[in-house]
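So this block is target.txt, compact mmCIF, N, CA and C atoms:
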```
# COMPACT_ATOMS: atom_id res chain seq x y z
N MET C 1 187.56 210.74 124.27
CA MET C 1 187.45 209.32 124.04
C MET C 1 185.99 208.88 123.96
N LEU C 2 185.11 209.55 124.69
CA LEU C 2 183.70 209.16 124.65
C LEU C 2 183.08 209.40 123.29
N ARG C 3 183.59 210.37 122.57
CA ARG C 3 183.03 210.71 121.26
C ARG C 3 183.76 210.01 120.13
N HIS C 4 184.83 209.33 120.45
CA HIS C 4 185.62 208.59 119.47
C HIS C 4 186.13 209.47 118.34
N SER C 5 186.50 210.69 118.68
CA SER C 5 187.12 211.58 117.70
C SER C 5 188.20 212.39 118.40
N LEU C 6 189.17 212.82 117.62
CA LEU C 6 190.25 213.60 118.17
C LEU C 6 189.82 215.04 118.42
N ILE C 7 190.43 215.64 119.42
CA ILE C 7 190.21 217.07 119.62
C ILE C 7 190.85 217.81 118.45
N PRO C 8 190.38 219.00 118.13
CA PRO C 8 190.99 219.76 117.03
C PRO C 8 192.46 220.06 117.32
N VAL C 9 193.24 220.26 116.30
CA VAL C 9 194.67 220.57 116.45
C VAL C 9 194.84 221.91 117.18
N LEU C 10 193.93 222.85 116.94
CA LEU C 10 194.00 224.15 117.58
C LEU C 10 192.74 224.38 118.40
N TYR C 11 192.92 224.94 119.58
CA TYR C 11 191.80 225.33 120.45
C TYR C 11 191.64 226.83 120.32
N ASN C 12 190.46 227.27 119.96
CA ASN C 12 190.27 228.71 119.78
C ASN C 12 189.29 229.31 120.78
N GLY C 13 189.10 228.63 121.91
CA GLY C 13 188.25 229.17 122.96
C GLY C 13 189.04 230.07 123.89
N ASP C 14 188.49 230.36 125.03
CA ASP C 14 189.13 231.23 126.00
C ASP C 14 190.36 230.55 126.59
N ILE C 15 191.52 231.12 126.39
CA ILE C 15 192.74 230.56 126.95
C ILE C 15 193.27 231.42 128.10
N GLY C 16 192.50 232.38 128.50
CA GLY C 16 192.91 233.22 129.62
C GLY C 16 193.76 234.38 129.16
N PRO C 17 194.05 235.27 130.08
CA PRO C 17 194.79 236.48 129.72
C PRO C 17 196.25 236.18 129.38
N GLY C 18 196.78 236.94 128.45
CA GLY C 18 198.18 236.80 128.08
C GLY C 18 199.02 237.91 128.67
N GLY C 19 198.55 238.53 129.71
CA GLY C 19 199.21 239.68 130.29
C GLY C 19 200.58 239.42 130.87
N TYR C 20 200.83 238.21 131.35
CA TYR C 20 202.13 237.92 131.95
C TYR C 20 203.25 238.06 130.93
N ASP C 21 203.01 237.59 129.73
CA ASP C 21 204.03 237.72 128.69
C ASP C 21 204.34 239.19 128.43
N ALA C 22 203.32 240.01 128.32
CA ALA C 22 203.53 241.44 128.05
C ALA C 22 204.31 242.10 129.18
N VAL C 23 203.98 241.77 130.42
CA VAL C 23 204.68 242.36 131.57
C VAL C 23 206.15 241.94 131.58
N LEU C 24 206.40 240.65 131.39
CA LEU C 24 207.79 240.17 131.39
C LEU C 24 208.58 240.76 130.23
N ARG C 25 207.98 240.78 129.05
CA ARG C 25 208.66 241.34 127.88
C ARG C 25 209.00 242.82 128.12
N GLU C 26 208.05 243.56 128.68
CA GLU C 26 208.25 244.99 128.95
C GLU C 26 209.40 245.22 129.93
N LYS C 27 209.55 244.35 130.89
CA LYS C 27 210.60 244.52 131.91
C LYS C 27 211.96 244.00 131.44
N LEU C 28 211.97 242.91 130.67
CA LEU C 28 213.22 242.25 130.32
C LEU C 28 213.91 242.80 129.08
N VAL C 29 213.14 243.13 128.06
CA VAL C 29 213.74 243.58 126.80
C VAL C 29 214.59 244.84 126.99
N PRO C 30 214.14 245.85 127.75
CA PRO C 30 215.00 247.02 127.95
C PRO C 30 216.32 246.70 128.66
N LEU C 31 216.37 245.57 129.36
CA LEU C 31 217.60 245.17 130.04
C LEU C 31 218.53 244.38 129.13
N GLY C 32 218.10 244.18 127.88
CA GLY C 32 218.93 243.47 126.92
C GLY C 32 218.63 241.99 126.82
N ALA C 33 217.63 241.52 127.54
CA ALA C 33 217.27 240.11 127.50
C ALA C 33 216.33 239.84 126.34
N GLU C 34 216.39 238.64 125.82
CA GLU C 34 215.41 238.22 124.82
C GLU C 34 214.35 237.42 125.54
N PHE C 35 213.11 237.83 125.43
CA PHE C 35 212.00 237.12 126.06
C PHE C 35 211.44 236.13 125.05
N VAL C 36 211.44 234.86 125.41
CA VAL C 36 210.91 233.81 124.55
C VAL C 36 209.59 233.35 125.16
N SER C 37 208.52 233.56 124.45
CA SER C 37 207.18 233.25 124.94
C SER C 37 206.70 231.91 124.41
N ALA C 38 206.37 231.00 125.31
CA ALA C 38 205.77 229.73 124.90
C ALA C 38 204.43 230.00 124.23
N ARG C 39 203.73 230.97 124.72
CA ARG C 39 202.42 231.32 124.14
C ARG C 39 202.57 231.75 122.68
N ASP C 40 203.61 232.51 122.37
CA ASP C 40 203.84 232.94 121.00
C ASP C 40 204.13 231.75 120.08
N VAL C 41 204.76 230.72 120.62
CA VAL C 41 205.08 229.53 119.83
C VAL C 41 203.86 228.64 119.67
N LEU C 42 203.11 228.46 120.74
CA LEU C 42 202.02 227.48 120.74
C LEU C 42 200.68 228.04 120.25
N CYS C 43 200.57 229.36 120.17
CA CYS C 43 199.29 229.97 119.79
C CYS C 43 199.47 230.91 118.61
N ASN C 44 198.42 231.04 117.82
CA ASN C 44 198.38 232.02 116.75
C ASN C 44 196.96 232.57 116.67
N ALA C 45 196.65 233.32 115.64
CA ALA C 45 195.33 233.93 115.52
C ALA C 45 194.20 232.90 115.43
N GLU C 46 194.53 231.68 115.01
CA GLU C 46 193.52 230.64 114.87
C GLU C 46 193.28 229.84 116.15
N GLY C 47 194.20 229.94 117.12
CA GLY C 47 194.05 229.22 118.38
C GLY C 47 195.38 228.73 118.92
N CYS C 48 195.30 227.84 119.91
CA CYS C 48 196.50 227.29 120.54
C CYS C 48 196.58 225.79 120.29
N LEU C 49 197.79 225.31 120.11
CA LEU C 49 198.06 223.92 119.79
C LEU C 49 197.53 222.99 120.88
N THR C 50 196.76 222.00 120.49
CA THR C 50 196.23 221.03 121.45
C THR C 50 196.88 219.66 121.30
N ARG C 51 197.39 219.38 120.11
CA ARG C 51 198.11 218.12 119.89
C ARG C 51 199.15 218.32 118.80
N THR C 52 200.19 217.50 118.85
CA THR C 52 201.33 217.66 117.95
C THR C 52 201.32 216.66 116.81
N GLY C 53 200.34 215.79 116.77
CA GLY C 53 200.27 214.78 115.72
C GLY C 53 198.85 214.32 115.50
N ASP C 54 198.72 213.16 114.87
CA ASP C 54 197.41 212.66 114.48
C ASP C 54 196.80 211.66 115.46
N SER C 55 197.41 211.50 116.61
CA SER C 55 196.95 210.51 117.59
C SER C 55 196.50 211.19 118.88
N ALA C 56 195.61 210.54 119.59
CA ALA C 56 195.19 211.06 120.90
C ALA C 56 196.37 211.12 121.86
N ALA C 57 197.38 210.31 121.65
CA ALA C 57 198.58 210.31 122.50
C ALA C 57 199.46 211.53 122.25
N ASP C 58 199.16 212.29 121.20
CA ASP C 58 199.96 213.46 120.83
C ASP C 58 199.48 214.75 121.46
N ILE C 59 198.66 214.66 122.50
CA ILE C 59 198.14 215.86 123.16
C ILE C 59 199.32 216.70 123.69
N SER C 60 199.19 218.02 123.60
CA SER C 60 200.33 218.89 123.92
C SER C 60 200.34 219.43 125.35
N THR C 61 199.20 219.46 126.01
CA THR C 61 199.16 219.97 127.38
C THR C 61 198.40 219.01 128.29
N SER C 62 198.76 219.03 129.56
CA SER C 62 198.06 218.18 130.52
C SER C 62 197.06 218.98 131.36
N ASP C 63 197.22 220.30 131.37
CA ASP C 63 196.28 221.21 132.02
C ASP C 63 196.55 222.60 131.47
N GLN C 64 196.05 223.63 132.11
CA GLN C 64 196.18 224.98 131.58
C GLN C 64 197.61 225.50 131.50
N VAL C 65 198.51 224.97 132.30
CA VAL C 65 199.87 225.52 132.33
C VAL C 65 200.99 224.51 132.13
N HIS C 66 200.68 223.23 132.07
CA HIS C 66 201.73 222.22 131.96
C HIS C 66 201.69 221.52 130.61
N LEU C 67 202.86 221.42 130.00
CA LEU C 67 202.99 220.71 128.73
C LEU C 67 203.23 219.23 128.98
N THR C 68 202.79 218.40 128.05
CA THR C 68 203.12 216.98 128.08
C THR C 68 204.52 216.83 127.49
N ALA C 69 205.03 215.62 127.46
CA ALA C 69 206.34 215.37 126.84
C ALA C 69 206.30 215.79 125.37
N ASN C 70 205.22 215.49 124.67
CA ASN C 70 205.09 215.89 123.26
C ASN C 70 205.05 217.40 123.12
N GLY C 71 204.30 218.06 123.97
CA GLY C 71 204.22 219.52 123.92
C GLY C 71 205.56 220.16 124.23
N SER C 72 206.27 219.62 125.21
CA SER C 72 207.59 220.14 125.56
C SER C 72 208.57 219.97 124.41
N ALA C 73 208.56 218.80 123.79
CA ALA C 73 209.46 218.56 122.65
C ALA C 73 209.15 219.51 121.51
N PHE C 74 207.86 219.74 121.24
CA PHE C 74 207.47 220.68 120.18
C PHE C 74 207.99 222.08 120.48
N LEU C 75 207.79 222.54 121.72
CA LEU C 75 208.24 223.88 122.11
C LEU C 75 209.76 224.00 122.00
N ILE C 76 210.49 223.04 122.53
CA ILE C 76 211.96 223.10 122.48
C ILE C 76 212.45 223.07 121.04
N ASP C 77 211.86 222.20 120.22
CA ASP C 77 212.26 222.17 118.80
C ASP C 77 212.05 223.53 118.14
N ALA C 78 210.99 224.23 118.54
CA ALA C 78 210.68 225.52 117.93
C ALA C 78 211.61 226.64 118.39
N ILE C 79 212.19 226.52 119.58
CA ILE C 79 212.98 227.64 120.11
C ILE C 79 214.45 227.32 120.37
N ILE C 80 214.89 226.10 120.14
CA ILE C 80 216.25 225.70 120.52
C ILE C 80 217.31 226.57 119.86
N ASP C 81 217.14 226.90 118.60
CA ASP C 81 218.14 227.74 117.94
C ASP C 81 218.23 229.12 118.57
N ARG C 82 217.11 229.67 118.97
CA ARG C 82 217.13 230.97 119.64
C ARG C 82 217.82 230.86 121.00
N LEU C 83 217.58 229.77 121.71
CA LEU C 83 218.17 229.60 123.04
C LEU C 83 219.68 229.38 122.98
N LEU C 84 220.12 228.64 121.99
CA LEU C 84 221.54 228.31 121.89
C LEU C 84 222.28 229.13 120.85
N GLY C 85 221.60 230.07 120.27
CA GLY C 85 222.25 230.93 119.28
C GLY C 85 222.72 230.17 118.05
N GLY C 86 222.00 229.11 117.69
CA GLY C 86 222.36 228.33 116.50
C GLY C 86 223.46 227.33 116.74
N ARG C 87 223.91 227.18 117.98
CA ARG C 87 225.01 226.26 118.30
C ARG C 87 224.45 224.98 118.92
N VAL C 88 223.79 224.18 118.13
CA VAL C 88 223.26 222.92 118.62
C VAL C 88 224.28 221.85 118.35
N SER C 89 224.79 221.20 119.41
CA SER C 89 225.76 220.13 119.21
C SER C 89 225.03 218.84 118.85
N GLN C 90 225.62 218.10 117.95
CA GLN C 90 225.05 216.84 117.51
C GLN C 90 225.59 215.71 118.39
N PRO C 91 224.74 214.76 118.77
CA PRO C 91 225.22 213.62 119.56
C PRO C 91 226.21 212.80 118.75
N LYS C 92 227.18 212.23 119.44
CA LYS C 92 228.21 211.42 118.75
C LYS C 92 227.94 209.95 118.90
```
For this file, produce the structure as C-alpha cells.
Amino acid sequence: MLRHSLIPVLYNGDIGPGGYDAVLREKLVPLGAEFVSARDVLCNAEGCLTRTGDSAADISTSDQVHLTANGSAFLIDAIIDRLLGGRVSQPK
C-alpha cells in the first residue's frame, strides 16, 4: 500500500523447502492414496500465486502457511473434481 502498486501475481523468491510434500507423497502413494499438493496447485516454475485477481483484496495468503478466503476458493476450485471424483452436486 505504501508504494501504491499491487504485488506481482507470482512470487518467485524463497518459499522454503518443499520436502514435506515429497515425504507425504512417498509414504501415501504406495498405500493407494492420492496425494493432492496445494503447493503443486499454487506454484509453478515461475513462482507461487500471491493474488487471485486484479485487486489488493485478492491476496491469496495471509502468511507463509495460511490461505485467505480467496486463496482457499482458488485452491478448492482447482482440486474439487479430484477430491470428489467428478461428482460435484449442484445447489438447488
Atom CA of Ser60 of chain C to atom CA of Val36 of chain C, straight-line distance in Å: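 Atom CA of Ser60 of chain C lies at a distance of 18.3 Å from atom CA of Val36 of chain C.
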Per-residue DSSP, segment 15-66 of chain C, filtered to alpha helix (DSSP H), as a list of chain:residue names: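 Restricting segment 15-66 of chain C to alpha helix (DSSP H) produces C:Gly19, C:Tyr20, C:Asp21, C:Ala22, C:Val23, C:Leu24, C:Arg25, C:Glu26, C:Lys27, C:Leu28, C:Ala38, C:Arg39, C:Asp40, C:Val41, C:Leu42.
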Å distance separating atom N of Ala73 of chain C from atom N of Glu34 of chain C, one decimal place: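 Computing the Euclidean distance for atom N of Ala73 of chain C and atom N of Glu34 of chain C yields 21.4 Å.
Rounded to one decimal, atom N of Asp21 of chain C and atom C of Leu42 of chain C lie 13.7 Å from each other.
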Pick from C:Ile80, C:Glu26, C:Tyr20, C:Gly71 nearest to Cys48 of chain C, counting only C-alpha atoms: C:Gly71
Test item: residues at most 8 Å from Phe35 of chain C, only C-alpha atoms, excluding those fewer than 6 positions along its chain, as number ranges by chain: C: 24-25, 28-29
Tell me, as a tab-separated table (two decimals) with N, CA and C atoms, keeping the file's coordinate frame, which residues lie within 10 Å of Glu46 of chain C, counting only C-alpha atoms; anything in the same chain fewer than 4 positions away does not count.
```tsv
chain	number	residue	atom	x	y	z
C	10	LEU	N	193.93	222.85	116.94
C	10	LEU	CA	194.00	224.15	117.58
C	10	LEU	C	192.74	224.38	118.40
C	11	TYR	N	192.92	224.94	119.58
C	11	TYR	CA	191.80	225.33	120.45
C	11	TYR	C	191.64	226.83	120.32
C	12	ASN	N	190.46	227.27	119.96
C	12	ASN	CA	190.27	228.71	119.78
C	12	ASN	C	189.29	229.31	120.78
C	13	GLY	N	189.10	228.63	121.91
C	13	GLY	CA	188.25	229.17	122.96
C	13	GLY	C	189.04	230.07	123.89
```
Every residue of segment 14-92 of chain C that DSSP places in strand (DSSP E), as a PyMOL selection string: chain C and resi 43-44+47-49
